[in-house]
file structure-v7.txt (compact mmCIF, C-alpha atoms)
# COMPACT_ATOMS: atom_id res chain seq x y z
CA MET A 22 -24.38 15.70 48.48
CA LYS A 23 -23.87 12.01 47.71
CA LEU A 24 -22.42 11.00 44.37
CA THR A 25 -25.53 8.94 43.58
CA GLU A 26 -27.69 12.02 44.07
CA ILE A 27 -25.46 14.04 41.73
CA PHE A 28 -25.75 11.31 39.08
CA ARG A 29 -29.54 11.33 39.54
CA LEU A 30 -29.67 15.12 38.94
CA VAL A 31 -27.47 14.71 35.84
CA TRP A 32 -29.73 11.94 34.53
CA LEU A 33 -32.89 14.01 35.09
CA ASN A 34 -31.39 17.04 33.32
CA LEU A 35 -30.23 14.99 30.33
CA THR A 36 -33.38 12.90 29.87
CA SER A 37 -35.63 15.94 30.09
CA ASN A 38 -33.79 17.54 27.16
CA LYS A 39 -32.99 14.58 24.86
CA PHE A 40 -33.17 16.55 21.63
CA LYS A 41 -30.98 19.28 23.08
CA VAL A 42 -28.40 16.68 24.11
CA ILE A 43 -28.32 15.22 20.56
CA LEU A 44 -27.92 18.65 18.97
CA THR A 45 -25.27 19.65 21.49
CA SER A 46 -23.25 16.53 20.80
CA THR A 47 -23.42 16.84 16.99
CA GLY A 48 -19.83 18.06 16.79
CA ILE A 49 -18.69 15.22 19.02
CA ILE A 50 -20.60 12.71 16.86
CA VAL A 51 -18.80 13.88 13.72
CA GLY A 52 -15.45 14.13 15.50
CA SER A 53 -15.75 10.69 17.07
CA ALA A 54 -16.72 9.09 13.77
CA THR A 55 -13.86 10.87 12.06
CA ILE A 56 -11.22 9.81 14.57
CA MET A 57 -12.36 6.19 14.41
CA LEU A 58 -12.33 6.18 10.61
CA VAL A 59 -8.94 7.93 10.59
CA ILE A 60 -7.47 5.14 12.69
CA ALA A 61 -9.19 2.49 10.56
CA ILE A 62 -8.05 4.04 7.27
CA GLY A 63 -4.52 4.48 8.62
CA ARG A 64 -4.37 0.84 9.70
CA GLY A 65 -5.89 -0.26 6.41
CA GLY A 66 -3.37 1.81 4.48
CA ARG A 67 -0.44 0.27 6.35
CA GLU A 68 -1.85 -3.21 5.80
CA GLU A 69 -2.34 -2.47 2.12
CA VAL A 70 1.25 -1.24 1.74
CA ALA A 71 2.55 -4.32 3.54
CA ASP A 72 0.31 -6.53 1.41
CA GLN A 73 1.43 -4.89 -1.82
CA PHE A 74 5.09 -5.46 -1.05
CA LYS A 75 4.99 -8.71 0.89
CA ASN A 76 6.13 -10.64 -2.19
CA LEU A 77 9.05 -8.32 -2.83
CA ASN A 78 12.38 -9.01 -1.25
CA ALA A 79 13.44 -5.90 0.66
CA GLY A 80 16.73 -5.99 -1.25
CA ALA A 81 15.11 -6.23 -4.70
CA ILE A 82 16.45 -3.75 -7.27
CA ASP A 83 14.64 -3.28 -10.60
CA ILE A 84 16.49 -1.92 -13.64
CA THR A 85 14.56 -0.78 -16.71
CA TYR A 86 15.22 1.27 -19.80
CA GLU A 87 12.63 3.40 -21.57
CA TYR A 88 13.30 3.80 -25.27
CA GLN A 89 13.06 7.46 -26.31
CA GLY A 90 13.41 7.02 -30.05
CA THR A 91 17.09 7.97 -30.41
CA ASP A 92 19.79 6.80 -28.01
CA LEU A 93 23.37 7.96 -28.04
CA GLY A 94 25.82 5.20 -27.29
CA SER A 95 22.97 2.80 -26.62
CA GLY A 96 24.36 -0.32 -28.22
CA ARG A 97 26.02 -2.84 -25.91
CA MET A 98 29.77 -3.17 -26.47
CA THR A 99 31.11 -6.56 -27.50
CA ASP A 100 34.77 -7.52 -27.37
CA GLY A 101 35.10 -6.79 -31.06
CA GLY A 102 34.15 -3.17 -30.58
CA MET A 103 30.82 -3.66 -32.40
CA PRO A 104 27.44 -2.85 -30.86
CA GLU A 105 25.40 -5.83 -29.79
CA GLY A 106 22.68 -6.50 -32.33
CA SER A 107 25.02 -6.11 -35.33
CA GLY A 108 27.40 -8.57 -36.92
CA GLY A 109 25.46 -11.58 -35.70
CA GLY A 110 25.03 -10.53 -32.06
CA MET A 111 21.69 -11.30 -30.44
CA THR A 112 19.58 -8.84 -28.44
CA GLY A 113 16.72 -9.24 -26.02
CA GLY A 114 18.24 -11.94 -23.91
CA GLY A 115 19.88 -13.93 -26.70
CA THR A 116 23.52 -15.04 -26.65
CA ALA A 117 26.46 -14.44 -28.94
CA GLY A 118 29.40 -16.54 -30.03
CA GLY A 119 27.65 -19.84 -29.33
CA GLU A 120 27.68 -19.45 -25.56
CA MET A 121 25.08 -21.15 -23.40
CA PRO A 122 21.95 -19.10 -22.65
CA GLY A 123 21.28 -17.62 -19.22
CA GLY A 124 23.81 -14.84 -19.33
CA GLY A 125 27.15 -16.19 -20.72
CA MET A 126 29.66 -13.54 -21.83
CA ALA A 127 29.60 -12.66 -25.50
CA GLY A 128 32.61 -13.85 -27.47
CA GLY A 129 33.85 -16.25 -24.82
CA GLY A 130 34.55 -14.55 -21.53
CA MET A 131 35.68 -11.33 -19.89
CA PRO A 132 38.07 -9.26 -21.94
CA GLY A 133 41.01 -7.27 -20.67
CA GLY A 134 41.14 -6.14 -17.11
CA GLY A 135 39.28 -5.82 -13.87
CA MET A 136 36.06 -4.08 -13.07
CA PHE A 137 37.28 -0.52 -12.63
CA GLY A 138 40.90 -0.64 -13.69
CA GLY A 139 42.99 -0.97 -16.85
CA GLY A 140 40.93 -1.54 -19.98
CA ASP A 141 37.26 -1.69 -20.82
CA MET A 142 35.97 -4.89 -19.27
CA PHE A 143 33.29 -5.25 -21.94
CA GLY A 144 35.48 -4.40 -24.92
CA ASN A 145 36.70 -1.28 -26.67
CA ALA A 146 34.69 1.84 -25.94
CA ARG A 147 32.83 3.34 -28.83
CA ASP A 148 32.58 7.09 -29.23
CA ALA A 149 30.32 7.27 -32.27
CA ALA A 150 26.62 7.97 -31.81
CA ASN A 151 24.28 5.03 -32.22
CA THR A 152 20.58 4.75 -32.64
CA GLU A 153 20.27 1.13 -31.59
CA ARG A 154 17.49 0.31 -29.17
CA ILE A 155 18.70 -0.92 -25.75
CA THR A 156 17.41 -4.31 -24.73
CA LEU A 157 18.70 -5.56 -21.40
CA SER A 158 19.80 -9.13 -21.88
CA ALA A 159 21.09 -12.20 -20.09
CA ASP A 160 24.62 -10.88 -20.76
CA ASP A 161 23.83 -7.73 -18.74
CA LEU A 162 22.47 -9.86 -15.92
CA GLU A 163 25.61 -12.01 -15.98
CA ASP A 164 27.82 -8.91 -15.90
CA ILE A 165 26.03 -7.58 -12.82
CA LEU A 166 26.10 -10.93 -11.03
CA THR A 167 29.82 -11.27 -11.80
CA PHE A 168 31.18 -7.78 -11.24
CA VAL A 169 28.87 -6.22 -8.63
CA PRO A 170 29.73 -7.39 -5.12
CA GLY A 171 26.86 -8.08 -2.73
CA VAL A 172 24.36 -9.29 -5.36
CA GLU A 173 22.69 -12.54 -4.40
CA ALA A 174 20.62 -13.44 -7.48
CA GLY A 175 18.81 -11.93 -10.43
CA CYS A 176 16.47 -12.53 -13.34
CA LEU A 177 14.91 -10.94 -16.40
CA SER A 178 11.21 -10.44 -16.95
CA PHE A 179 8.80 -8.57 -19.20
CA THR A 180 5.04 -8.21 -19.52
CA THR A 181 2.73 -7.88 -22.47
CA VAL A 182 -0.97 -8.31 -23.15
CA SER A 183 -2.15 -11.03 -25.50
CA ALA A 184 -5.33 -12.83 -26.55
CA VAL A 185 -5.92 -16.07 -24.64
CA ASP A 186 -8.36 -18.87 -25.37
CA GLY A 187 -9.05 -22.33 -23.99
CA GLY A 188 -10.81 -23.99 -21.08
CA GLU A 189 -14.33 -22.67 -20.54
CA LEU A 190 -13.77 -19.37 -22.38
CA ASP A 191 -16.38 -18.76 -25.06
CA GLU A 192 -14.14 -16.32 -26.89
CA ASN A 193 -10.67 -14.81 -26.74
CA ALA A 194 -9.90 -12.73 -23.69
CA SER A 195 -6.97 -10.42 -23.01
CA TYR A 196 -4.59 -11.38 -20.19
CA THR A 197 -1.27 -10.13 -18.92
CA ILE A 198 1.49 -12.45 -20.13
CA ALA A 199 4.70 -12.37 -18.09
CA GLY A 200 7.86 -13.73 -19.64
CA VAL A 201 10.10 -14.67 -16.72
CA GLN A 202 13.20 -16.71 -15.96
CA SER A 203 13.19 -19.63 -13.55
CA ASP A 204 14.53 -17.56 -10.61
CA TYR A 205 11.55 -15.21 -10.75
CA ALA A 206 9.46 -17.33 -8.39
CA SER A 207 12.06 -17.36 -5.61
CA LEU A 208 12.89 -13.66 -6.06
CA SER A 209 9.20 -12.71 -5.79
CA ASN A 210 8.33 -15.28 -3.11
CA LEU A 211 5.70 -16.94 -5.28
CA LYS A 212 4.21 -20.17 -3.92
CA MET A 213 2.66 -22.97 -5.93
CA ALA A 214 -0.84 -24.30 -5.34
CA LEU A 215 -0.38 -27.12 -7.87
CA GLY A 216 2.44 -28.28 -10.08
CA GLU A 217 5.77 -26.53 -10.41
CA PHE A 218 7.15 -23.24 -11.66
CA LEU A 219 9.01 -22.73 -14.92
CA SER A 220 12.43 -24.39 -15.04
CA GLU A 221 15.71 -23.29 -16.59
CA ASP A 222 15.32 -25.98 -19.25
CA ASP A 223 11.92 -24.56 -20.21
CA ASP A 224 13.62 -21.23 -20.82
CA THR A 225 16.65 -22.72 -22.58
CA TYR A 226 14.62 -24.77 -25.05
CA LYS A 227 11.84 -22.19 -25.43
CA GLU A 228 9.16 -24.67 -24.33
CA LYS A 229 5.52 -23.66 -24.74
CA VAL A 230 4.51 -24.18 -21.13
CA CYS A 231 2.90 -21.80 -18.67
CA VAL A 232 2.00 -21.19 -15.03
CA LEU A 233 -1.38 -19.60 -14.28
CA GLY A 234 -2.24 -17.15 -11.56
CA TYR A 235 -4.94 -18.33 -9.15
CA ASP A 236 -7.71 -16.05 -10.46
CA THR A 237 -6.71 -16.63 -14.08
CA ALA A 238 -6.95 -20.42 -13.62
CA ARG A 239 -10.46 -20.11 -12.18
CA GLU A 240 -11.62 -17.70 -14.89
CA ILE A 241 -10.37 -19.84 -17.76
CA PHE A 242 -11.01 -23.36 -16.46
CA GLY A 243 -13.58 -22.89 -13.73
CA SER A 244 -11.35 -24.32 -11.00
CA VAL A 245 -7.69 -24.66 -10.09
CA TYR A 246 -7.77 -28.45 -10.34
CA ASP A 247 -9.27 -28.43 -13.84
CA ALA A 248 -6.62 -25.95 -14.96
CA TYR A 249 -3.68 -28.16 -14.03
CA ASP A 250 -2.23 -29.99 -17.04
CA GLY A 251 -4.71 -28.24 -19.28
CA THR A 252 -4.01 -26.27 -22.44
CA VAL A 253 -4.40 -22.56 -23.08
CA TYR A 254 -3.92 -20.82 -26.41
CA ILE A 255 -1.82 -17.67 -26.22
CA ASP A 256 -1.76 -15.77 -29.51
CA ASN A 257 -3.23 -18.94 -31.09
CA ARG A 258 -0.35 -21.14 -29.89
CA PRO A 259 -0.99 -23.99 -27.42
CA TYR A 260 0.72 -23.84 -24.02
CA GLN A 261 0.56 -26.64 -21.47
CA VAL A 262 -0.34 -25.57 -17.92
CA ILE A 263 2.35 -27.03 -15.63
CA GLY A 264 1.45 -25.15 -12.46
CA ILE A 265 -0.96 -22.81 -10.66
CA LEU A 266 0.13 -20.20 -8.13
CA ASN A 267 -1.33 -19.73 -4.69
CA GLN A 268 -3.70 -16.81 -4.39
CA MET A 269 -1.56 -13.77 -3.58
CA GLY A 270 -3.94 -10.83 -3.65
CA THR A 271 -1.08 -8.40 -4.24
CA VAL A 272 1.50 -7.14 -6.68
CA ALA A 273 4.96 -8.61 -7.08
CA SER A 274 7.64 -6.82 -9.10
CA GLY A 275 5.02 -4.85 -11.00
CA ILE A 276 3.06 -7.98 -11.99
CA SER A 277 -0.18 -9.06 -10.35
CA PRO A 278 0.37 -12.83 -9.95
CA ASP A 279 -3.31 -13.69 -9.48
CA ASP A 280 -4.28 -12.29 -12.88
CA ALA A 281 -1.21 -13.16 -14.96
CA ILE A 282 0.03 -16.04 -17.08
CA PHE A 283 3.74 -16.82 -16.72
CA ILE A 284 5.71 -18.28 -19.62
CA PRO A 285 9.48 -18.88 -20.09
CA TYR A 286 11.36 -15.67 -20.86
CA ASN A 287 12.95 -16.82 -24.13
CA THR A 288 9.67 -18.39 -25.24
CA GLY A 289 8.03 -15.01 -24.81
CA LEU A 290 10.77 -13.30 -26.78
CA LYS A 291 10.40 -15.76 -29.64
CA TYR A 292 6.63 -15.95 -29.96
CA LEU A 293 5.23 -12.76 -28.39
CA ALA A 294 7.54 -9.83 -27.72
CA GLY A 295 10.21 -10.09 -30.42
CA ASP A 296 12.94 -7.43 -30.57
CA ASN A 297 10.73 -4.62 -29.24
CA VAL A 298 10.67 -5.93 -25.68
CA SER A 299 11.70 -3.65 -22.80
CA PRO A 300 12.51 -6.12 -20.03
CA THR A 301 13.04 -5.49 -16.35
CA LEU A 302 16.28 -6.76 -14.87
CA THR A 303 15.82 -7.59 -11.19
CA VAL A 304 18.68 -8.33 -8.80
CA ILE A 305 18.66 -9.03 -5.07
CA ALA A 306 21.13 -7.35 -2.72
CA GLU A 307 22.46 -9.70 -0.04
CA ASP A 308 22.38 -6.94 2.59
CA VAL A 309 19.35 -4.63 2.60
CA ASN A 310 21.47 -1.96 4.25
CA ALA A 311 23.85 -1.95 1.26
CA VAL A 312 21.22 -1.42 -1.43
CA GLU A 313 22.45 2.09 -2.30
CA THR A 314 26.00 0.82 -2.75
CA VAL A 315 24.79 -2.02 -4.97
CA ILE A 316 22.76 0.43 -7.08
CA THR A 317 25.86 2.61 -7.57
CA ASP A 318 27.93 -0.40 -8.66
CA VAL A 319 25.15 -1.55 -11.01
CA GLU A 320 25.11 1.89 -12.65
CA THR A 321 28.89 1.69 -13.11
CA VAL A 322 28.69 -1.73 -14.76
CA LEU A 323 25.87 -0.66 -17.09
CA ALA A 324 27.76 2.53 -17.99
CA GLU A 325 30.59 0.35 -19.31
CA SER A 326 28.20 -1.36 -21.74
CA TYR A 327 25.98 1.63 -22.53
CA PRO A 328 28.11 4.78 -22.05
CA ASN A 329 25.45 7.43 -22.65
CA ALA A 330 22.27 5.62 -21.66
CA GLU A 331 20.16 6.44 -18.62
CA PHE A 332 18.45 3.58 -16.81
CA THR A 333 15.62 3.71 -14.31
CA ILE A 334 16.76 1.92 -11.16
CA SER A 335 14.44 1.50 -8.19
CA ASP A 336 14.52 -0.66 -5.10
CA ALA A 337 11.67 -2.24 -3.16
CA GLY A 338 12.66 -0.54 0.09
CA SER A 339 12.38 2.94 -1.42
CA ARG A 340 9.01 2.10 -2.96
CA MET A 341 7.77 0.79 0.38
CA GLU A 342 9.00 3.92 2.17
CA ALA A 343 7.38 6.18 -0.41
CA ALA A 344 4.06 4.33 -0.14
CA SER A 345 4.24 4.39 3.66
CA ALA A 346 5.10 8.10 3.66
CA SER A 347 2.10 8.86 1.44
CA ASN A 348 -0.16 6.85 3.73
CA ASP A 349 1.25 8.60 6.83
CA THR A 350 0.69 12.00 5.23
CA LEU A 351 -2.92 11.15 4.45
CA THR A 352 -3.44 9.86 8.00
CA MET A 353 -1.96 13.04 9.47
CA LEU A 354 -4.26 15.22 7.37
CA LEU A 355 -7.27 13.21 8.52
CA ILE A 356 -6.14 13.48 12.15
CA CYS A 357 -5.86 17.27 11.80
CA MET A 358 -9.38 17.35 10.37
CA ALA A 359 -10.64 15.22 13.28
CA VAL A 360 -8.99 17.52 15.83
CA ILE A 361 -10.62 20.57 14.23
CA VAL A 362 -14.01 18.86 14.32
CA PHE A 363 -13.51 17.96 17.98
CA ILE A 364 -12.62 21.55 18.84
CA VAL A 365 -15.75 22.78 17.09
CA GLY A 366 -17.79 20.16 18.94
CA GLY A 367 -16.20 21.13 22.26
CA LEU A 368 -16.98 24.79 21.67
CA GLY A 369 -20.59 23.80 20.99
CA ILE A 370 -20.79 21.99 24.33
CA MET A 371 -19.17 24.95 26.11
CA ASN A 372 -21.66 27.37 24.56
CA VAL A 373 -24.66 25.22 25.52
CA LEU A 374 -23.36 24.86 29.10
CA PHE A 375 -22.92 28.62 29.41
CA VAL A 376 -26.56 29.05 28.37
CA SER A 377 -27.57 26.23 30.74
CA VAL A 378 -25.81 27.94 33.67
CA LYS A 379 -27.73 31.16 33.01
CA GLU A 380 -31.04 29.30 32.69
CA ARG A 381 -30.44 27.34 35.88
CA THR A 382 -28.99 30.11 38.05
CA ASN A 383 -31.91 29.93 40.49
CA GLU A 384 -31.56 26.16 40.69
CA ILE A 385 -27.87 26.55 41.51
CA GLY A 386 -28.74 29.07 44.24
CA ILE A 387 -31.27 26.64 45.80
CA LEU A 388 -28.74 23.80 45.74
CA LYS A 389 -26.19 25.94 47.52
CA VAL A 390 -28.74 27.07 50.11
CA ILE A 391 -29.67 23.47 51.01
CA GLY A 392 -26.01 22.65 51.58
CA CYS A 393 -24.43 21.68 48.25
CA SER A 394 -20.79 22.66 48.07
CA ARG A 395 -18.96 24.27 45.16
CA LYS A 396 -17.43 20.87 44.47
CA ASP A 397 -20.90 19.31 44.13
CA ILE A 398 -22.06 21.99 41.67
CA LEU A 399 -18.81 21.73 39.69
CA LEU A 400 -19.11 17.94 39.53
CA GLU A 401 -22.73 18.05 38.43
CA PHE A 402 -22.14 20.35 35.46
CA LEU A 403 -18.89 18.59 34.56
CA LEU A 404 -20.69 15.22 34.52
CA GLU A 405 -23.41 16.69 32.34
CA ALA A 406 -20.77 17.84 29.84
CA SER A 407 -18.99 14.47 29.98
CA CYS A 408 -22.18 12.46 29.58
CA THR A 409 -23.32 14.64 26.67
CA SER A 410 -20.00 14.11 24.92
CA LEU A 411 -20.12 10.38 25.75
CA VAL A 412 -23.51 10.11 24.04
CA GLY A 413 -22.03 11.91 21.04
CA ALA A 414 -18.96 9.64 21.03
CA VAL A 415 -21.10 6.48 21.10
CA LEU A 416 -23.27 7.78 18.26
CA GLY A 417 -20.07 8.72 16.41
CA VAL A 418 -18.72 5.16 16.68
CA MET A 419 -22.03 3.83 15.38
CA LEU A 420 -21.86 6.32 12.50
CA ALA A 421 -18.31 5.16 11.67
CA LEU A 422 -19.48 1.54 11.56
CA ALA A 423 -22.33 2.52 9.27
CA LEU A 424 -20.01 4.45 6.91
CA THR A 425 -17.44 1.64 6.62
CA PRO A 426 -19.29 -0.33 3.88
CA ALA A 427 -19.66 2.87 1.84
CA LEU A 428 -15.92 3.55 2.04
CA GLU A 429 -15.09 -0.04 1.09
CA TYR A 430 -17.43 0.29 -1.88
CA PHE A 431 -15.18 3.09 -3.15
CA SER A 432 -12.10 0.83 -2.75
CA VAL A 433 -10.86 2.49 0.44
CA THR A 434 -9.12 -0.06 2.65
CA VAL A 435 -10.63 0.22 6.14
CA SER A 436 -9.39 -1.87 9.07
CA LEU A 437 -11.66 -1.31 12.09
CA SER A 438 -10.30 -2.13 15.53
CA VAL A 439 -11.51 -2.19 19.12
CA SER A 440 -8.65 0.11 20.10
CA GLY A 441 -9.83 2.65 17.52
CA GLY A 442 -13.36 2.60 18.96
CA VAL A 443 -12.10 2.95 22.54
CA LEU A 444 -9.77 5.81 21.58
CA SER A 445 -12.63 7.52 19.79
CA LEU A 446 -14.80 7.31 22.92
CA LEU A 447 -11.99 8.61 25.11
CA PHE A 448 -11.38 11.56 22.79
CA GLY A 449 -15.07 12.40 22.83
CA VAL A 450 -15.38 12.29 26.63
CA LEU A 451 -12.12 14.18 27.08
CA THR A 452 -13.28 16.92 24.72
CA GLY A 453 -16.57 17.40 26.57
CA THR A 454 -14.82 17.38 29.94
CA VAL A 455 -12.15 19.91 28.95
CA PHE A 456 -14.54 22.33 27.26
CA GLY A 457 -17.18 21.87 29.96
CA PHE A 458 -14.88 22.66 32.86
CA TYR A 459 -15.02 26.45 32.66
CA PRO A 460 -18.84 26.72 32.50
CA ALA A 461 -19.02 24.22 35.39
CA TYR A 462 -16.49 26.27 37.36
CA GLN A 463 -18.49 29.41 36.64
CA ALA A 464 -21.65 27.72 37.93
CA SER A 465 -19.92 26.59 41.13
CA SER A 466 -18.62 30.10 41.76
CA LEU A 467 -22.06 31.75 41.87
CA ILE A 468 -22.94 33.50 45.15
CA PRO A 469 -26.15 31.93 46.60
CA VAL A 470 -27.96 35.24 47.32
CA GLU A 471 -27.27 36.63 43.85
CA ALA A 472 -28.23 33.32 42.26
CA LEU A 473 -31.59 33.25 44.11
CA ASN A 474 -32.35 36.84 43.09
CA HIS A 475 -31.43 36.22 39.45
CA GLU A 476 -34.29 36.68 36.99

call {"tool": "encode", "arguments": {"input": "structure-v7.txt", "output": "structure tokens"}}
result
Amino acid sequence: MKLTEIFRLVWLNLTSNKFKVILTSTGIIVGSATIMLVIAIGRGGREEVADQFKNLNAGAIDITYEYQGTDLGSGRMTDGGMPEGSGGGMTGGGTAGGEMPGGGMAGGGMPGGGMFGGGDMFGNARDAANTERITLSADDLEDILTFVPGVEAGCLSFTTVSAVDGGELDENASYTIAGVQSDYASLSNLKMALGEFLSEDDDTYKEKVCVLGYDTAREIFGSVYDAYDGTVYIDNRPYQVIGILNQMGTVASGISPDDAIFIPYNTGLKYLAGDNVSPTLTVIAEDVNAVETVITDVETVLAESYPNAEFTISDAGSRMEAASASNDTLTMLLICMAVIVFIVGGLGIMNVLFVSVKERTNEIGILKVIGCSRKDILLEFLLEASCTSLVGAVLGVMLALALTPALEYFSVTVSLSVSGGVLSLLFGVLTGTVFGFYPAYQASSLIPVEALNHE
């Protein structure tokens, strides 16, 4: 029998039982839609992870301290043996002994000895318990930059929420205020749309200037251009807008740049946060492969200043790996679900083909009598199974496209692709072919005389 004739028989059998074909392919429809959405969600998840961390340097290390109410040995040691914060010492990023801001050593330099040898490099160790609150400061940053090898740069930052007014706002609105040092922009890969970022002088002299995130500028002033050189009132104090960030659409160092207002770090300490601030100290490792070593050295340096304190230290690479691992786990679970659905759909096709073989036994006998070979019969039933599953796969792809807006409405990142649709079709056809082979083989193995006498 010619191949065209076989295709014609397949077409006649399928078109004469359209509703049966749809019901038979239901499992394939669901499986095909699932596999396409699995691929799209997996791709979307990877893109979302990459987007979330694109502004973080892979070597970024964040150091924070969570105040628990009572800290033993929490006060920073000065070279007089007194905890920082007493006897005139400043906390929260301030300086002691008249040194320049930005991390100068308290009391005029590094006391006695090297990093790990001889004496205490930060002064005499104190054994008595202390209930002082730890506030990471510019001195701590300077210590890390000086005594930890392989650290490229660093900065301090904190966030708070404050009432903001100005521009086109009819009333006060709450916004995230980020107090940051001048290096924050380069460490977080922030780009300017207009103006310039905060300078070291702004931080030194506690200037009331600010940089607006893209969305914040539009919400307050109506447009980015109107925001530039404007004035916003943060906690009823006027701040001049000296710059607007490019739209980022992501999170950098725990701060969403689009929705934040950036002010100089020391300005924020003076007017907003006060002594109760819990800043984040961020440093950048020169070699991303040496991040663990840098973290160990950072812990050693901090232990010299705060003997019994425990800091939370995390790096961008670990956070990216954790997020990626979570996304991969979710994708694997969805793939397993899709495989199960495909198996169920394949079993449905197999069952229907078994019934079809019994119903069409006489037809098979006639075909064999007029000269059709076993190969022709096998091919006919196999094509029927493949075409049924192909119909299901196509409907499944259409179903996936229809479900995409609903998933996006629930904040699920979906990234559809042509390769995902093609793979979904291939899986559907392959499932029908594999599960349809045995019924087709059974049909081709019927003996003509017995098939003609079958009732």

call {"tool": "closest_atom_pairs", "arguments": {"input": "structure-v7.txt", "of": "stretch 242-304 of chain A", "to": "stretch 321-333 of chain A", "cutoff": "12 Å", "atoms": "only C-alpha atoms", "output": "CSV"}}
result
residue,atom,partner,partner_atom,distance
A:Ser299,CA,A:Phe332,CA,11.6
A:Pro300,CA,A:Thr333,CA,11.8
A:Thr301,CA,A:Thr333,CA,9.8
A:Leu302,CA,A:Thr333,CA,10.5
A:Thr303,CA,A:Thr333,CA,11.7

call {"tool": "write_last_selection", "arguments": {"input": "structure-v7.txt", "atoms": "C-alpha atoms", "output": "mmCIF file, in the frame of the given file"}}
result
data_model
loop_
_atom_site.group_PDB
_atom_site.id
_atom_site.type_symbol
_atom_site.label_atom_id
_atom_site.label_comp_id
_atom_site.auth_asym_id
_atom_site.auth_seq_id
_atom_site.Cartn_x
_atom_site.Cartn_y
_atom_site.Cartn_z
ATOM 1 C CA SER A 299 11.700 -3.650 -22.800
ATOM 2 C CA PRO A 300 12.510 -6.120 -20.030
ATOM 3 C CA THR A 301 13.040 -5.490 -16.350
ATOM 4 C CA LEU A 302 16.280 -6.760 -14.870
ATOM 5 C CA THR A 303 15.820 -7.590 -11.190
#

call {"tool": "closest_residue", "arguments": {"input": "structure-v7.txt", "among": "A:Ile84, A:Val360, A:Ala311, A:Val450", "to": "A:Ser335", "atoms": "all atoms listed in the file"}}
result
A:Ile84

call {"tool": "atom_distance", "arguments": {"input": "structure-v7.txt", "atom1": "atom CA of A:Leu177", "atom2": "atom CA of A:Ala238"}}
result
24.0 Å

call {"tool": "closest_residue", "arguments": {"input": "structure-v7.txt", "among": "A:Val245, A:Ile361, A:Leu33, A:Leu157", "to": "A:Ser178", "atoms": "all atoms listed in the file"}}
result
A:Leu157

call {"tool": "residues_around", "arguments": {"input": "structure-v7.txt", "residues": "A:Leu388", "least_positions_apart": "4", "cutoff": "12 Å", "atoms": "only C-alpha atoms", "output": "list in words"}}
result
Met22, Glu26, Ile27, Leu30, Arg381, Thr382, Asn383, Glu384, Gly392, Cys393, Ser394, Arg395, Lys396, Asp397, Ile398, Leu399, Glu401, Ala464, Ser465, Leu467, Ile468, Pro469, Val470, Ala472 and Leu473 of chain A

call {"tool": "atom_distance", "arguments": {"input": "structure-v7.txt", "atom1": "atom CA of A:Val185", "atom2": "atom CA of A:Glu240"}}
result
11.4 Å

call {"tool": "closest_residue", "arguments": {"input": "structure-v7.txt", "among": "A:Gly187, A:Gly171, A:Pro460, A:Pro259", "to": "A:Glu405", "atoms": "all atoms listed in the file"}}
result
A:Pro460

call {"tool": "closest_residue", "arguments": {"input": "structure-v7.txt", "among": "A:Val230, A:Met213, A:Ala337, A:Ala359", "to": "A:Ile263", "atoms": "all atoms listed in the file"}}
result
A:Val230

call {"tool": "atom_distance", "arguments": {"input": "structure-v7.txt", "atom1": "atom CA of A:Gly80", "atom2": "atom CA of A:Ala214"}}
result
25.7 Å

call {"tool": "closest_residue", "arguments": {"input": "structure-v7.txt", "among": "A:Leu162, A:Cys408, A:Leu354, A:Ala427", "to": "A:Ile56", "atoms": "all atoms listed in the file"}}
result
A:Leu354

call {"tool": "residues_around", "arguments": {"input": "structure-v7.txt", "residues": "A:Gln268", "least_positions_apart": "5", "cutoff": "10 Å", "atoms": "only C-alpha atoms", "output": "PyMOL selection string"}}
result
chain A and resi 211-214+234-236+278-280

call {"tool": "residues_around", "arguments": {"input": "structure-v7.txt", "residues": "A:Ser432", "least_positions_apart": "2", "cutoff": "12 Å", "atoms": "all atoms listed in the file", "output": "number ranges by chain"}}
result
A: 62, 65-66, 69, 425-430, 434-435

call {"tool": "residues_around", "arguments": {"input": "structure-v7.txt", "residues": "A:Val169", "least_positions_apart": "2", "cutoff": "8 Å", "atoms": "all atoms listed in the file", "output": "list in words"}}
result
Asp164, Ile165, Leu166, Thr167, Gly171, Val172, Val315, Asp318, Val319 and Val322 of chain A

call {"tool": "residues_around", "arguments": {"input": "structure-v7.txt", "residues": "A:Tyr459", "least_positions_apart": "6", "cutoff": "10 Å", "atoms": "all atoms listed in the file", "output": "list in words"}}
result
Met371, Leu374, Phe375, Leu399, Phe402, Leu403 and Ser465 of chain A

call {"tool": "closest_residue", "arguments": {"input": "structure-v7.txt", "among": "A:Ile155, A:Leu233, A:Ala306, A:Leu451", "to": "A:Gly367", "atoms": "only C-alpha atoms"}}
result
A:Leu451

call {"tool": "residues_near_point", "arguments": {"input": "structure-v7.txt", "point": "(-15.2, -22.8, -21.7)", "cutoff": "10 Å", "atoms": "all atoms listed in the file", "output": "PyMOL selection string"}}
result
chain A and resi 186-192+240-243
